[in-house]
>>> print(open('target39.txt').read())   # compact mmCIF, C-alpha atoms
# COMPACT_ATOMS: atom_id res chain seq x y z
CA MET A 1 68.47 15.77 20.92
CA LEU A 2 67.81 16.23 17.22
CA ALA A 3 67.57 12.45 16.78
CA PHE A 4 64.99 12.29 19.61
CA VAL A 5 62.97 15.03 17.99
CA ARG A 6 63.18 13.30 14.60
CA ARG A 7 62.20 9.96 16.07
CA ASN A 8 59.24 11.42 17.92
CA GLN A 9 58.27 14.20 15.56
CA VAL A 10 54.68 12.97 15.12
CA LEU A 11 54.20 12.66 18.83
CA LEU A 12 55.76 16.03 19.54
CA THR A 13 53.77 17.74 16.77
CA SER A 14 50.62 16.17 18.15
CA PHE A 15 51.34 17.51 21.62
CA PHE A 16 52.13 20.88 20.13
CA CYS A 17 48.84 20.87 18.24
CA LEU A 18 46.97 19.90 21.39
CA LEU A 19 48.56 22.70 23.36
CA PHE A 20 48.10 25.14 20.49
CA SER A 21 44.43 24.30 20.18
CA LEU A 22 44.03 24.69 23.94
CA TYR A 23 45.69 28.08 23.67
CA ILE A 24 43.36 29.09 20.84
CA LEU A 25 40.40 27.78 22.77
CA SER A 26 41.41 29.59 25.90
CA ALA A 27 41.96 32.84 24.03
CA ALA A 28 38.74 32.47 22.08
CA ALA A 29 36.77 31.63 25.22
CA ARG A 30 38.07 34.77 26.92
CA GLY A 31 37.47 36.85 23.82
CA ARG A 32 41.16 37.64 23.41
CA LEU A 33 41.53 36.06 19.99
CA ARG A 34 41.78 39.24 17.97
CA ARG A 35 42.92 37.82 14.67
CA ASP A 36 42.12 34.52 13.06
CA PRO A 37 43.97 34.25 9.76
CA ILE A 38 42.86 30.73 8.86
CA GLY A 39 39.12 30.94 9.53
CA PRO A 40 38.23 33.70 7.05
CA LEU A 41 40.55 32.17 4.45
CA LEU A 42 38.88 28.80 4.85
CA LEU A 43 35.46 30.39 4.67
CA GLU A 44 36.39 32.30 1.52
CA LEU A 45 37.92 29.22 -0.03
CA MET A 46 34.95 27.03 0.67
CA ARG A 47 32.30 29.63 -0.04
CA PRO A 48 31.86 29.15 -3.84
CA LEU A 49 32.03 25.41 -3.48
CA GLN A 50 29.57 25.42 -0.65
CA ILE A 51 27.21 27.64 -2.63
CA GLY A 52 27.38 25.23 -5.57
CA ALA A 53 27.07 22.20 -3.33
CA GLN A 54 24.22 23.74 -1.38
CA ALA A 55 22.35 24.46 -4.61
CA THR A 56 22.78 20.82 -5.54
CA VAL A 57 21.70 19.78 -2.05
CA THR A 58 18.62 21.97 -2.35
CA LYS A 59 17.81 20.40 -5.73
CA LEU A 60 18.39 16.92 -4.31
CA ARG A 61 16.26 17.76 -1.32
CA GLU A 62 13.50 18.92 -3.66
CA ILE A 63 13.78 15.68 -5.60
CA GLN A 64 13.83 13.73 -2.34
CA GLN A 65 10.82 15.68 -1.11
CA GLY A 66 9.08 15.20 -4.45
CA TYR A 67 9.78 11.50 -4.29
CA ILE A 68 8.48 11.29 -0.72
CA THR A 69 5.38 13.25 -1.73
CA LEU A 70 4.94 10.99 -4.74
CA ARG A 71 5.25 7.90 -2.56
CA ARG A 72 2.78 9.37 -0.11
CA LEU A 73 0.40 10.20 -2.95
CA ALA A 74 0.84 6.74 -4.43
CA SER A 75 0.07 5.19 -1.08
CA GLU A 76 -2.87 7.57 -0.61
CA ASN A 77 -4.04 6.67 -4.10
CA GLU A 78 -3.84 2.97 -3.30
CA ARG A 79 -5.75 3.54 -0.08
CA LEU A 80 -8.43 5.55 -1.87
CA LYS A 81 -8.70 2.93 -4.62
CA GLY A 82 -9.26 0.30 -1.96
CA ARG A 83 -11.81 2.54 -0.29
CA THR A 84 -13.57 3.12 -3.63
CA LEU A 85 -13.78 -0.62 -4.18
CA GLU A 86 -15.11 -1.09 -0.67
CA LEU A 87 -17.71 1.63 -1.21
CA GLU A 88 -18.61 0.23 -4.61
CA ALA A 89 -19.14 -3.20 -3.04
CA GLU A 90 -21.15 -1.58 -0.25
CA ARG A 91 -23.23 0.31 -2.82
CA ASN A 92 -23.87 -2.87 -4.78
CA ARG A 93 -24.83 -4.65 -1.60
CA LEU A 94 -27.26 -1.87 -0.68
CA LEU A 95 -28.75 -1.73 -4.19
CA GLU A 96 -29.16 -5.48 -4.10
CA ALA A 97 -30.76 -5.28 -0.66
CA GLU A 98 -33.06 -2.53 -1.88
CA ALA A 99 -34.08 -4.56 -4.96
CA THR A 100 -34.68 -7.64 -2.81
CA ASN A 101 -36.66 -5.55 -0.38
CA ARG A 102 -38.79 -4.17 -3.19
CA ARG A 103 -39.43 -7.61 -4.65
CA LEU A 104 -40.31 -9.08 -1.27
CA ARG A 105 -42.64 -6.17 -0.50
CA GLU A 106 -44.40 -6.73 -3.82
CA LEU A 107 -44.64 -10.44 -3.04
CA LEU A 108 -46.04 -9.66 0.37
CA GLU A 109 -48.68 -7.33 -1.03
CA PHE A 110 -49.56 -9.89 -3.66
CA ARG A 111 -49.69 -12.67 -1.08
CA SER A 112 -52.41 -10.83 0.81
CA GLN A 113 -54.60 -11.08 -2.28
CA LEU A 114 -54.09 -14.85 -2.56
CA PRO A 115 -55.85 -17.67 -0.69
CA PRO A 116 -54.50 -18.35 2.78
CA GLY A 117 -51.67 -20.87 3.11
CA SER A 118 -49.50 -19.41 0.36
CA LEU A 119 -45.83 -19.08 1.16
CA THR A 120 -42.75 -17.34 -0.17
CA ALA A 121 -39.88 -19.38 -1.55
CA ALA A 122 -36.56 -18.66 -3.22
CA VAL A 123 -35.27 -20.22 -6.41
CA ILE A 124 -32.12 -22.15 -5.57
CA ALA A 125 -31.43 -24.01 -8.81
CA ASN A 126 -32.46 -23.99 -12.45
CA SER A 127 -33.16 -26.71 -14.96
CA ALA A 128 -30.22 -28.84 -15.99
CA SER A 129 -31.81 -29.81 -19.32
CA THR A 130 -32.73 -28.01 -22.52
CA TRP A 131 -35.79 -30.18 -22.93
CA PHE A 132 -37.44 -29.54 -19.61
CA HIS A 133 -38.11 -26.18 -18.05
CA SER A 134 -38.12 -26.32 -14.30
CA PHE A 135 -36.46 -24.90 -11.19
CA ILE A 136 -35.95 -25.88 -7.59
CA LEU A 137 -37.32 -23.97 -4.62
CA ASN A 138 -35.83 -23.81 -1.14
CA LYS A 139 -39.08 -24.81 0.53
CA GLY A 140 -40.46 -28.33 0.78
CA SER A 141 -43.07 -30.40 2.54
CA ALA A 142 -41.69 -29.39 5.93
CA ASP A 143 -42.66 -25.82 5.05
CA GLY A 144 -46.08 -26.76 3.80
CA VAL A 145 -45.39 -27.14 0.07
CA LEU A 146 -47.50 -29.81 -1.59
CA GLN A 147 -47.31 -31.42 -4.98
CA GLY A 148 -49.66 -29.65 -7.38
CA MET A 149 -49.46 -26.24 -5.76
CA ALA A 150 -49.33 -23.27 -8.10
CA VAL A 151 -46.24 -21.11 -8.28
CA VAL A 152 -46.87 -17.48 -9.08
CA SER A 153 -45.35 -14.04 -8.85
CA PRO A 154 -46.99 -10.62 -8.60
CA VAL A 155 -46.56 -10.30 -12.36
CA GLY A 156 -48.13 -13.59 -13.33
CA VAL A 157 -48.19 -17.36 -13.38
CA ILE A 158 -44.92 -19.25 -13.25
CA GLY A 159 -45.63 -22.94 -12.98
CA GLN A 160 -46.66 -25.82 -10.79
CA VAL A 161 -45.00 -27.88 -8.07
CA VAL A 162 -44.41 -31.35 -9.48
CA ALA A 163 -42.14 -32.94 -6.87
CA VAL A 164 -41.55 -32.25 -3.22
CA THR A 165 -38.93 -33.29 -0.69
CA SER A 166 -38.92 -32.25 2.94
CA SER A 167 -36.82 -29.15 2.27
CA SER A 168 -37.12 -28.43 -1.44
CA SER A 169 -39.54 -28.69 -4.31
CA LYS A 170 -39.37 -28.88 -8.08
CA VAL A 171 -41.48 -26.55 -10.18
CA LEU A 172 -42.50 -27.33 -13.74
CA LEU A 173 -42.52 -23.99 -15.49
CA ILE A 174 -45.27 -22.74 -17.72
CA THR A 175 -42.72 -22.64 -20.56
CA ASP A 176 -42.28 -26.42 -20.43
CA PRO A 177 -44.08 -28.35 -23.20
CA HIS A 178 -45.56 -30.66 -20.56
CA SER A 179 -47.25 -27.89 -18.60
CA GLY A 180 -50.74 -26.55 -19.06
CA VAL A 181 -52.75 -23.71 -17.53
CA ASP A 182 -56.43 -23.25 -18.06
CA VAL A 183 -56.97 -19.63 -19.18
CA PHE A 184 -59.59 -17.12 -20.21
CA ASP A 185 -59.24 -14.32 -22.69
CA GLN A 186 -59.91 -11.42 -20.38
CA ARG A 187 -61.78 -9.47 -23.04
CA SER A 188 -63.86 -12.15 -24.80
CA ARG A 189 -63.77 -14.84 -22.09
CA ALA A 190 -62.63 -17.37 -24.71
CA ARG A 191 -61.07 -20.43 -23.04
CA GLY A 192 -57.95 -22.41 -23.82
CA ILE A 193 -54.86 -24.07 -22.34
CA VAL A 194 -51.57 -22.22 -22.32
CA SER A 195 -48.66 -24.58 -22.65
CA GLY A 196 -44.95 -24.32 -23.45
CA SER A 197 -43.41 -25.39 -26.70
CA LEU A 198 -39.81 -26.08 -27.56
CA GLU A 199 -39.87 -24.71 -31.10
CA SER A 200 -42.30 -21.77 -31.12
CA GLY A 201 -42.62 -20.65 -27.51
CA PRO A 202 -45.82 -20.72 -25.38
CA MET A 203 -49.09 -21.36 -27.15
CA MET A 204 -52.76 -21.16 -26.27
CA LYS A 205 -54.17 -24.51 -27.32
CA TYR A 206 -57.63 -25.85 -27.78
CA SER A 207 -59.43 -22.55 -28.39
CA LYS A 208 -62.16 -22.97 -30.97
CA ARG A 209 -61.91 -21.31 -34.36
CA SER A 210 -65.12 -19.45 -33.62
CA GLU A 211 -63.75 -17.83 -30.42
CA ASP A 212 -62.94 -14.14 -30.56
CA ILE A 213 -59.26 -13.88 -29.77
CA GLN A 214 -57.18 -10.91 -30.90
CA GLU A 215 -53.59 -9.85 -30.66
CA GLY A 216 -52.93 -7.95 -27.47
CA ASP A 217 -55.63 -9.74 -25.48
CA ARG A 218 -54.67 -10.57 -21.91
CA LEU A 219 -54.94 -14.20 -20.85
CA ILE A 220 -55.80 -14.90 -17.22
CA THR A 221 -56.18 -18.08 -15.20
CA SER A 222 -59.69 -19.48 -15.18
CA GLY A 223 -59.31 -21.28 -11.85
CA LEU A 224 -61.08 -24.24 -13.38
CA ASP A 225 -58.04 -26.51 -13.31
CA GLY A 226 -58.06 -26.44 -9.53
CA ILE A 227 -54.42 -25.54 -9.43
CA PHE A 228 -54.13 -21.84 -10.19
CA PRO A 229 -56.32 -19.27 -8.46
CA LYS A 230 -58.66 -17.45 -10.77
CA GLY A 231 -57.70 -14.11 -12.32
CA LEU A 232 -53.88 -14.35 -12.41
CA LEU A 233 -52.24 -12.96 -15.51
CA VAL A 234 -50.61 -15.61 -17.71
CA GLY A 235 -49.61 -13.55 -20.75
CA THR A 236 -50.78 -11.64 -23.76
CA VAL A 237 -51.70 -12.83 -27.23
CA VAL A 238 -49.06 -11.91 -29.78
CA LYS A 239 -50.26 -13.77 -32.85
CA VAL A 240 -53.50 -15.45 -33.95
CA ARG A 241 -53.63 -17.80 -36.96
CA LYS A 242 -56.67 -19.57 -38.25
CA LYS A 243 -56.09 -22.30 -40.79
CA SER A 244 -58.71 -23.13 -43.40
CA PHE A 245 -59.36 -26.44 -41.71
CA GLY A 246 -59.42 -27.87 -38.19
CA LEU A 247 -61.37 -27.18 -35.01
CA PHE A 248 -58.94 -24.89 -33.23
CA GLN A 249 -57.09 -21.69 -33.92
CA TYR A 250 -53.39 -21.18 -33.46
CA VAL A 251 -52.54 -18.57 -30.77
CA GLU A 252 -49.01 -17.52 -29.81
CA VAL A 253 -48.60 -16.11 -26.31
CA ALA A 254 -46.03 -13.80 -24.71
CA LEU A 255 -45.84 -14.85 -21.08
CA ALA A 256 -46.17 -12.20 -18.41
CA VAL A 257 -43.26 -13.66 -16.46
CA ASP A 258 -39.80 -14.60 -17.68
CA PRO A 259 -39.12 -17.55 -15.34
CA SER A 260 -35.38 -17.43 -15.97
CA ARG A 261 -35.14 -14.09 -14.14
CA LEU A 262 -36.97 -15.03 -10.98
CA GLU A 263 -35.42 -15.14 -7.53
CA GLU A 264 -38.42 -15.28 -5.20
CA VAL A 265 -41.84 -16.75 -5.88
CA LEU A 266 -45.09 -17.49 -4.11
CA VAL A 267 -46.33 -21.02 -3.74
CA VAL A 268 -50.10 -20.97 -3.71
CA SER A 269 -52.68 -23.59 -2.95
CA ALA A 270 -55.87 -23.29 -4.95
CA GLY A 271 -57.40 -26.37 -3.49
CA GLY A 272 -56.10 -29.02 -5.86
CA ALA A 273 -52.80 -29.65 -4.16
CA GLN A 274 -52.11 -33.17 -2.95
CA PRO A 275 -49.83 -34.20 -0.10
CA LYS A 276 -46.92 -36.28 -1.36
CA ASP A 277 -47.14 -39.94 -0.42
CA MET B 1 53.87 15.31 -2.66
CA LYS B 2 51.10 13.71 -4.69
CA LEU B 3 49.96 11.83 -1.60
CA SER B 4 49.85 15.06 0.40
CA LEU B 5 47.80 16.62 -2.38
CA LEU B 6 45.46 13.64 -2.32
CA PHE B 7 44.96 13.98 1.42
CA PHE B 8 44.56 17.73 1.15
CA LEU B 9 41.91 17.17 -1.50
CA ALA B 10 40.29 14.45 0.63
CA GLY B 11 40.18 16.83 3.59
CA PHE B 12 38.71 19.55 1.43
CA ILE B 13 36.05 17.25 0.00
CA VAL B 14 35.21 15.82 3.40
CA VAL B 15 34.65 19.30 4.88
CA LEU B 16 32.55 20.25 1.88
CA LEU B 17 30.52 17.05 2.14
CA GLN B 18 30.06 17.41 5.84
CA THR B 19 28.78 20.96 5.55
CA THR B 20 26.45 20.24 2.62
CA PHE B 21 25.58 16.83 1.18
CA LEU B 22 25.72 14.75 4.35
CA HIS B 23 22.79 16.69 5.75
CA LEU B 24 20.67 14.94 3.15
CA PHE B 25 20.83 11.71 5.13
CA PRO B 26 17.67 11.27 7.16
CA LEU B 27 19.53 10.86 10.45
CA GLY B 28 17.94 13.67 12.41
CA PRO B 29 20.54 15.79 14.15
CA ILE B 30 23.34 13.29 13.48
CA VAL B 31 25.78 14.33 10.77
CA PRO B 32 28.04 11.50 9.57
CA ASP B 33 31.52 12.45 10.81
CA LEU B 34 33.75 11.79 7.80
CA ILE B 35 36.33 14.23 9.19
CA LEU B 36 36.83 11.93 12.16
CA VAL B 37 37.09 8.92 9.84
CA LEU B 38 39.77 10.70 7.82
CA CYS B 39 41.71 11.62 10.99
CA VAL B 40 41.55 8.01 12.15
CA TYR B 41 42.74 6.83 8.74
CA TRP B 42 45.71 9.17 8.95
CA GLY B 43 46.47 8.03 12.48
CA LEU B 44 46.41 4.39 11.39
CA ASN B 45 47.87 4.44 7.89
CA HIS B 46 49.67 7.71 7.39
CA PRO B 47 51.09 8.91 10.69
CA THR B 48 53.21 11.84 9.56
CA VAL B 49 53.76 15.37 10.80
CA GLY B 50 51.64 16.54 7.85
CA ALA B 51 48.82 14.29 8.99
CA VAL B 52 49.02 15.76 12.51
CA TRP B 53 48.57 19.23 11.05
CA GLY B 54 45.89 17.88 8.77
CA ALA B 55 43.91 16.54 11.74
CA PHE B 56 44.38 19.83 13.55
CA LEU B 57 43.25 21.84 10.50
CA LEU B 58 40.24 19.61 9.90
CA GLY B 59 39.18 20.13 13.52
CA TYR B 60 39.84 23.83 13.09
CA ALA B 61 37.67 23.83 9.94
CA VAL B 62 34.84 22.29 11.92
CA ASP B 63 35.32 25.05 14.50
CA VAL B 64 35.22 27.68 11.78
CA PHE B 65 32.06 26.29 10.27
CA SER B 66 30.12 25.18 13.27
CA SER B 67 31.68 25.57 16.70
CA PRO B 68 30.84 28.49 19.00
CA VAL B 69 34.53 28.94 19.81
CA LEU B 70 37.68 28.15 17.90
CA GLY B 71 39.97 25.39 19.08
CA LEU B 72 37.37 23.02 20.49
CA ASN B 73 37.27 20.58 17.59
CA ALA B 74 40.89 21.29 16.70
CA PHE B 75 41.80 19.94 20.13
CA ALA B 76 39.44 17.00 19.85
CA MET B 77 40.70 15.96 16.40
CA SER B 78 44.33 16.34 17.47
CA LEU B 79 43.57 14.13 20.47
CA VAL B 80 41.82 11.57 18.28
CA PHE B 81 44.80 11.47 15.95
CA LEU B 82 47.20 11.07 18.86
CA ALA B 83 45.14 8.33 20.47
CA VAL B 84 44.84 6.40 17.22
CA TYR B 85 48.49 6.92 16.43
CA LEU B 86 49.54 5.59 19.84
CA SER B 87 47.20 2.61 19.45
CA SER B 88 48.46 1.84 15.97
CA ARG B 89 52.02 1.54 17.30
CA ARG B 90 50.91 -1.29 19.55
CA ILE B 91 48.22 -3.12 17.56
CA TRP B 92 48.07 -3.97 13.86
CA ILE B 93 44.75 -2.81 12.46
CA HIS B 94 44.00 -3.64 8.88
CA SER B 95 40.63 -5.40 8.58
CA PRO B 96 37.57 -3.28 7.80
CA LEU B 97 35.78 -4.51 10.92
CA LEU B 98 38.65 -3.48 13.18
CA SER B 99 38.92 -0.11 11.46
CA ALA B 100 35.21 0.39 12.11
CA ALA B 101 35.78 -0.50 15.76
CA VAL B 102 38.67 1.99 16.00
CA VAL B 103 36.49 4.72 14.44
CA PHE B 104 33.73 3.88 16.89
CA PHE B 105 36.04 4.29 19.88
CA ALA B 106 37.72 7.35 18.34
CA SER B 107 34.30 8.92 18.15
CA TRP B 108 33.89 8.36 21.88
CA VAL B 109 37.32 9.92 22.46
CA LYS B 110 36.25 12.93 20.43
CA GLY B 111 32.95 13.17 22.33
CA ALA B 112 34.69 12.91 25.68
CA ALA B 113 37.24 15.54 24.66
CA LEU B 114 34.52 17.95 23.55
CA ILE B 115 32.61 17.50 26.79
CA LEU B 116 35.67 17.86 29.03
CA VAL B 117 37.20 20.81 27.24
CA GLY B 118 33.82 22.43 26.78
CA THR B 119 33.06 22.06 30.48
CA PHE B 120 36.45 23.44 31.45
CA PHE B 121 36.78 26.34 29.04
CA LEU B 122 33.21 27.26 28.27
CA ALA B 123 31.87 26.52 31.75
CA ALA B 124 29.17 24.48 30.04
CA GLU B 125 27.95 22.56 33.06
CA GLY B 126 26.02 19.36 32.53
CA LEU B 127 27.03 19.26 28.88
CA TRP B 128 27.26 15.49 29.00
CA ILE B 129 23.66 15.00 30.12
CA GLY B 130 21.62 13.64 27.24
CA VAL B 131 24.57 13.82 24.90
CA LEU B 132 25.70 10.22 25.35
CA LYS B 133 22.95 8.95 23.07
CA TYR B 134 24.09 11.29 20.30
CA ILE B 135 27.74 10.36 20.80
CA PHE B 136 26.79 6.72 20.51
CA LEU B 137 24.72 7.28 17.37
CA GLU B 138 27.43 9.47 15.80
CA ALA B 139 30.04 6.82 16.62
CA LEU B 140 27.84 4.13 15.13
CA VAL B 141 27.25 6.03 11.88
CA ALA B 142 30.96 6.87 11.58
CA ALA B 143 31.86 3.23 12.22
CA ILE B 144 29.45 2.08 9.52
CA LEU B 145 30.94 4.52 7.01
CA ALA B 146 34.55 3.84 7.99
CA PRO B 147 35.24 0.65 5.96
CA GLY B 148 34.03 2.32 2.73
CA VAL B 149 35.99 5.51 3.30
CA PHE B 150 39.09 3.56 4.32
CA SER B 151 38.82 1.43 1.19
CA LEU B 152 38.58 4.52 -1.04
CA LEU B 153 41.52 6.22 0.65
CA ARG B 154 43.62 3.03 0.52
CA ARG B 155 42.95 2.67 -3.19
CA GLY B 156 43.93 6.27 -3.79
CA GLN B 157 47.01 5.92 -1.65
CA SER B 158 48.16 2.66 -3.27
CA PHE B 159 47.49 4.07 -6.75
CA LEU B 160 49.67 7.08 -6.08
CA GLU B 161 52.36 4.95 -4.48
CA GLU B 162 52.38 2.65 -7.53
CA VAL B 163 52.66 5.65 -9.80
CA ARG B 164 55.50 6.97 -7.71
CA MET B 165 57.42 3.67 -7.68
CA PRO B 166 58.92 3.78 -11.22
CA LEU B 167 60.08 7.31 -10.70
>>> encode(input="target39.txt", output="structure tokens")
Amino acid sequence: MLAFVRRNQVLLTSFFCLLFSLYILSAAARGRLRRDPIGPLLLELMRPLQIGAQATVTKLREIQQGYITLRRLASENERLKGRTLELEAERNRLLEAEATNRRLRELLEFRSQLPPGSLTAAVIANSASTWFHSFILNKGSADGVLQGMAVVSPVGVIGQVVAVTSSSSKVLLITDPHSGVDVFDQRSRARGIVSGSLESGPMMKYSKRSEDIQEGDRLITSGLDGIFPKGLLVGTVVKVRKKSFGLFQYVEVALAVDPSRLEEVLVVSAGGAQPKD
Amino acid sequence: MKLSLLFFLAGFIVVLLQTTFLHLFPLGPIVPDLILVLCVYWGLNHPTVGAVWGAFLLGYAVDVFSSPVLGLNAFAMSLVFLAVYLSSRRIWIHSPLLSAAVVFFASWVKGAALILVGTFFLAAEGLWIGVLKYIFLEALVAAILAPGVFSLLRRGQSFLEEVRMPL
């Protein structure tokens, strides 16, 4: 008997524990369990440890929560940064659209003052050489652009169409040494030719020494060259030099238009334009 | 003696963990059942009378800390220990994967015991409805934790047994 018990002590103890727990359960369920010696002892024993552990858990939870909040904020921050960039791009786009709109409106108003047949074109390429000042427009013969047409902006004269293809045209700028625009001094009506120069900038050439030209005078197109309509601003006189000899005086001009900053222009026919062969 | 102390300490720590730190895991209502894992370990690797009482007391501790009536978890843990002990006499379980599988099924045994005994003694009708999902999840979490806990306990046990050998 004792040997059987020893051999099966684990099994027997297990059964005993099962029955004992059922007894406890039964008594507890009926409310007859008056005294529980182990429960309060266990609670008392664990209490300080649980308090300490719970404090740590609370701290850890705070850290966890802080981390989660930080992650959320980081993600929110990333999202807002992206949104800021989007809005910035949108703002730039709108500002650009507004500027384009303003320029086009000015061009449109200016166009109404020009002879009929003038058209708006956009600059699509600039000069590839230091020696020649020109740019390419997005309009060509198919759009009605002819060789010899004047290219202007609301601010002033820009240049002249020198070559045309069906869909684009090349403009020789007023800053090029090979260009020339017949001008008047608006104040004294003195005549001359404004032309570009590589070393000293635009000049007013061929104005007689006797002509009354002063610094600050506005130079406008005479319309006599048959290319540019009369009365367009070309520039202002910045320096006048008269040498002790020679027929002409030396006049430096500040152009009204900086051709390097242009995006849209007007191509104008003043009557001298020739269809390209 | 040292081994008993180790297991006593393990039981103590496991109860402490289960009532505090393990709630930090973001598992919703599921609390990783390390007490069950420890009972299974005892049933597999240390089937002694002390371990039987240990399983009973661990279940009792759960009752003290969380059960509406005493004896419910004490019964369930005792049953788990007995079931594992009886299984271990017939099959050799040593690999971590198998131990995880045993813990998984032990968790189902515990769940079934709680439902049956609860229904019988507490007249909690329909207790099993909707609870199967939680039993499954609890069993899964316990099974995932089992290899790690088993490895720790085995190391502790073998260390103490090595220390005891020269004596």
>>> interface_residues(input="target39.txt", of="chain A", to="chain B", cutoff="10 Å", atoms="all atoms listed in the file", output="ChimeraX atom specification")
/A:8-31,33,36,38-40,42-43,45-47,49-58,60-61,64
>>> residues_around(input="target39.txt", residues="B:Gly111", least_positions_apart="5", cutoff="10 Å", atoms="all atoms listed in the file", output="PDB file with C-alpha atoms, keeping the file's coordinate frame")
ATOM      1  CA  ASN B  73      37.270  20.580  17.590  1.00  0.00           C
ATOM      2  CA  ALA B  76      39.440  17.000  19.850  1.00  0.00           C
ATOM      3  CA  VAL B  80      41.820  11.570  18.280  1.00  0.00           C
ATOM      4  CA  PHE B 105      36.040   4.290  19.880  1.00  0.00           C
ATOM      5  CA  ALA B 106      37.720   7.350  18.340  1.00  0.00           C
ATOM      6  CA  LEU B 116      35.670  17.860  29.030  1.00  0.00           C
ATOM      7  CA  TRP B 128      27.260  15.490  29.000  1.00  0.00           C
ATOM      8  CA  VAL B 131      24.570  13.820  24.900  1.00  0.00           C
ATOM      9  CA  LEU B 132      25.700  10.220  25.350  1.00  0.00           C
ATOM     10  CA  TYR B 134      24.090  11.290  20.300  1.00  0.00           C
ATOM     11  CA  ILE B 135      27.740  10.360  20.800  1.00  0.00           C
ATOM     12  CA  PHE B 136      26.790   6.720  20.510  1.00  0.00           C
ATOM     13  CA  GLU B 138      27.430   9.470  15.800  1.00  0.00           C
ATOM     14  CA  ALA B 139      30.040   6.820  16.620  1.00  0.00           C
TER      15      ALA B 139
END
>>> axis_aligned_box(input="target39.txt", around="stretch 139-149 of chain B", padding_each_side="8 Å", output="AutoDock Vina command-line options")
--center_x 31.6 --center_y 3.8 --center_z 9.7 --size_x 24.7 --size_y 22.2 --size_z 29.9
>>> closest_residue(input="target39.txt", among="B:Val149, B:Trp108, B:Ala113, B:Thr119", to="B:Pro96", atoms="all atoms listed in the file")
B:Val149
>>> closest_residue(input="target39.txt", among="A:Val157, A:Leu255, A:Val164, A:Val240", to="A:Pro202", atoms="all atoms listed in the file")
A:Leu255
>>> closest_residue(input="target39.txt", among="A:Pro154, A:Glu90, A:Arg6, A:Lys139", to="A:Leu108", atoms="only C-alpha atoms")
A:Pro154
>>> build_atoms(input="target39.txt", residues="stretch 140-153 of chain A", atoms="N, CA and C atoms", output="short mmCIF file (atom, residue, chain, number, x, y, z; two decimals), in the coordinates of the input")
data_model
loop_
_atom_site.label_atom_id
_atom_site.label_comp_id
_atom_site.auth_asym_id
_atom_site.auth_seq_id
_atom_site.Cartn_x
_atom_site.Cartn_y
_atom_site.Cartn_z
N GLY A 140 -39.94 -27.00 1.09
CA GLY A 140 -40.46 -28.33 0.78
C GLY A 140 -41.65 -28.67 1.66
N SER A 141 -41.88 -29.96 1.80
CA SER A 141 -43.07 -30.40 2.54
C SER A 141 -43.02 -29.95 4.00
N ALA A 142 -41.82 -29.85 4.54
CA ALA A 142 -41.69 -29.39 5.93
C ALA A 142 -42.20 -27.96 6.09
N ASP A 143 -42.19 -27.22 4.99
CA ASP A 143 -42.66 -25.82 5.05
C ASP A 143 -44.12 -25.70 4.63
N GLY A 144 -44.68 -26.81 4.19
CA GLY A 144 -46.08 -26.76 3.80
C GLY A 144 -46.30 -26.81 2.30
N VAL A 145 -45.25 -27.06 1.53
CA VAL A 145 -45.39 -27.14 0.07
C VAL A 145 -45.92 -28.53 -0.29
N LEU A 146 -46.91 -28.54 -1.16
CA LEU A 146 -47.50 -29.81 -1.59
C LEU A 146 -47.39 -29.94 -3.10
N GLN A 147 -47.34 -31.16 -3.53
CA GLN A 147 -47.31 -31.42 -4.98
C GLN A 147 -48.60 -30.89 -5.59
N GLY A 148 -48.48 -30.18 -6.71
CA GLY A 148 -49.66 -29.65 -7.38
C GLY A 148 -49.97 -28.21 -7.03
N MET A 149 -49.22 -27.65 -6.11
CA MET A 149 -49.46 -26.24 -5.76
C MET A 149 -49.01 -25.34 -6.91
N ALA A 150 -49.69 -24.22 -7.05
CA ALA A 150 -49.33 -23.27 -8.10
C ALA A 150 -48.18 -22.38 -7.63
N VAL A 151 -47.34 -22.02 -8.60
CA VAL A 151 -46.24 -21.11 -8.28
C VAL A 151 -46.45 -19.85 -9.10
N VAL A 152 -46.55 -18.74 -8.40
CA VAL A 152 -46.87 -17.48 -9.08
C VAL A 152 -45.96 -16.36 -8.59
N SER A 153 -46.04 -15.25 -9.30
CA SER A 153 -45.35 -14.04 -8.85
C SER A 153 -46.35 -12.89 -8.98
#
